[in-house]
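See below for the structure under consideration.
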Amino acid sequence: MKHVQVLGPGCAKCDETAKIVREAIAESGVQASFEKVTDFGVMAQLGVFTTPAVVVDGQVKIVGKVPKKADVIAWLSA
């Protein structure tokens, strides 16, 4: 099972990213857990200082931009 985290304090772009990631998980058919991280300490531990960000299985995939759904699906399938 994949573990997907969306990092961000709750800004509009962070909320949009969370929506895209949830849709991508549903459409991909991949077993994945979803977590929204708003704790800046956790973000810093992951090396993320700009939001929104997406982390899949501990690996930072995108920082500072809203991802395309196709990209998220590709990350989940890898």
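By convention here, the chains of the structure tokens are called A, B, ... in the order presented, each chain's residues are numbered starting at 1, and ligands are numbered starting at 1 in the order presented.
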
Find the residues around Asp39 of chain A up to 9 Å (only C-alpha atoms counted), leave out those fewer than 4 positions away in its own chain, and share them as a list in words.
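Surrounding residues, per the criterion: Leu7, Gly8, Pro9, Met43 and Ala44 of chain A.
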
Every residue of chain A that DSSP places in alpha helix (DSSP H), as a PyMOL selection string:
chain A and resi 12-28+40-45+69-77

Could those selected residues go to a file with N, CA and C atoms, as a tab-separated table (two decimals), in the first residue's frame?
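Contents of the output file again-v3.tsv:
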```tsv
chain	number	residue	atom	x	y	z
A	12	ALA	N	-5.54	27.79	-0.47
A	12	ALA	CA	-6.35	27.35	-1.61
A	12	ALA	C	-5.61	26.35	-2.48
A	13	LYS	N	-4.33	26.60	-2.75
A	13	LYS	CA	-3.55	25.68	-3.59
A	13	LYS	C	-3.35	24.33	-2.88
A	14	CYS	N	-3.20	24.37	-1.56
A	14	CYS	CA	-3.04	23.14	-0.79
A	14	CYS	C	-4.32	22.32	-0.83
A	15	ASP	N	-5.45	23.00	-0.70
A	15	ASP	CA	-6.74	22.31	-0.77
A	15	ASP	C	-6.98	21.73	-2.15
A	16	GLU	N	-6.60	22.46	-3.19
A	16	GLU	CA	-6.74	21.97	-4.56
A	16	GLU	C	-5.86	20.73	-4.78
A	17	THR	N	-4.64	20.78	-4.25
A	17	THR	CA	-3.72	19.64	-4.35
A	17	THR	C	-4.31	18.41	-3.66
A	18	ALA	N	-4.86	18.60	-2.47
A	18	ALA	CA	-5.47	17.48	-1.74
A	18	ALA	C	-6.62	16.87	-2.55
A	19	LYS	N	-7.42	17.71	-3.18
A	19	LYS	CA	-8.55	17.23	-3.98
A	19	LYS	C	-8.05	16.41	-5.17
A	20	ILE	N	-7.04	16.92	-5.86
A	20	ILE	CA	-6.47	16.22	-7.02
A	20	ILE	C	-5.88	14.88	-6.60
A	21	VAL	N	-5.17	14.85	-5.48
A	21	VAL	CA	-4.55	13.60	-5.01
A	21	VAL	C	-5.62	12.58	-4.64
A	22	ARG	N	-6.66	13.02	-3.95
A	22	ARG	CA	-7.75	12.09	-3.60
A	22	ARG	C	-8.40	11.51	-4.85
A	23	GLU	N	-8.65	12.36	-5.86
A	23	GLU	CA	-9.24	11.91	-7.11
A	23	GLU	C	-8.31	10.92	-7.82
A	24	ALA	N	-7.02	11.22	-7.83
A	24	ALA	CA	-6.04	10.35	-8.49
A	24	ALA	C	-6.00	8.98	-7.82
A	25	ILE	N	-6.06	8.95	-6.49
A	25	ILE	CA	-6.05	7.68	-5.77
A	25	ILE	C	-7.29	6.87	-6.17
A	26	ALA	N	-8.44	7.52	-6.19
A	26	ALA	CA	-9.68	6.83	-6.53
A	26	ALA	C	-9.65	6.30	-7.96
A	27	GLU	N	-9.14	7.11	-8.89
A	27	GLU	CA	-9.13	6.74	-10.31
A	27	GLU	C	-8.06	5.70	-10.64
A	28	SER	N	-6.97	5.70	-9.90
A	28	SER	CA	-5.85	4.80	-10.23
A	28	SER	C	-6.14	3.35	-9.84
A	40	PHE	N	4.20	22.26	10.44
A	40	PHE	CA	5.42	22.74	9.78
A	40	PHE	C	6.66	21.99	10.24
A	41	GLY	N	6.65	21.44	11.45
A	41	GLY	CA	7.78	20.63	11.92
A	41	GLY	C	7.95	19.38	11.09
A	42	VAL	N	6.83	18.72	10.78
A	42	VAL	CA	6.87	17.52	9.94
A	42	VAL	C	7.34	17.88	8.54
A	43	MET	N	6.84	19.01	8.03
A	43	MET	CA	7.25	19.45	6.69
A	43	MET	C	8.76	19.69	6.64
A	44	ALA	N	9.28	20.34	7.67
A	44	ALA	CA	10.72	20.62	7.73
A	44	ALA	C	11.52	19.33	7.79
A	45	GLN	N	11.03	18.32	8.54
A	45	GLN	CA	11.73	17.04	8.61
A	45	GLN	C	11.81	16.38	7.24
A	69	LYS	N	-3.21	15.79	-12.30
A	69	LYS	CA	-3.74	14.49	-11.85
A	69	LYS	C	-2.98	13.35	-12.52
A	70	ALA	N	-2.64	13.49	-13.80
A	70	ALA	CA	-1.92	12.44	-14.53
A	70	ALA	C	-0.56	12.16	-13.87
A	71	ASP	N	0.10	13.21	-13.38
A	71	ASP	CA	1.39	13.03	-12.71
A	71	ASP	C	1.21	12.25	-11.42
A	72	VAL	N	0.17	12.57	-10.65
A	72	VAL	CA	-0.07	11.87	-9.40
A	72	VAL	C	-0.35	10.39	-9.67
A	73	ILE	N	-1.16	10.12	-10.68
A	73	ILE	CA	-1.46	8.72	-11.04
A	73	ILE	C	-0.17	7.99	-11.41
A	74	ALA	N	0.71	8.65	-12.14
A	74	ALA	CA	2.00	8.04	-12.51
A	74	ALA	C	2.84	7.74	-11.27
A	75	TRP	N	2.86	8.66	-10.30
A	75	TRP	CA	3.61	8.43	-9.06
A	75	TRP	C	3.05	7.24	-8.31
A	76	LEU	N	1.73	7.12	-8.30
A	76	LEU	CA	1.09	6.01	-7.58
A	76	LEU	C	1.36	4.68	-8.25
A	77	SER	N	1.50	4.70	-9.57
A	77	SER	CA	1.68	3.46	-10.32
A	77	SER	C	3.12	3.00	-10.34
```

Top pick for closest residue to Val55 of chain A, considering A:Val37, A:Met1, A:Gly29, A:Gly10 and counting only C-alpha atoms:
A:Val37

Atomic distance atom CA of Val30 of chain A - atom CA of Cys11 of chain A, expressed in Å with one decimal:
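Interatomic distance here is 27.0 Å.
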
Hey, what does DSSP flag as strand (DSSP E) within chain A? Can you give it to me as a list in words?
Lys2, His3, Val4, Gln5, Val6, Leu7, Ala32, Ser33, Phe34, Glu35, Lys36, Val37, Ala53, Val54, Val55, Val56, Gln59, Val60, Lys61, Ile62 and Val63 of chain A

Fewer than 2 positions away in the same chain doesn't count, so skip those; otherwise give me all residues within 7 Å of Lys2 of chain A, counting only C-alpha atoms, as a count of residues only.
6

Atomic separation - atom CA of Glu35 of chain A relative to atom CA of Pro52 of chain A, Å
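Here the two named atoms are 13.2 Å from each other.
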
Could you check how far atom CA of Val6 of chain A sits from atom CA of Gly64 of chain A, in Å to one decimal?
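Between atom CA of Val6 of chain A and atom CA of Gly64 of chain A the gap works out to 11.4 Å.
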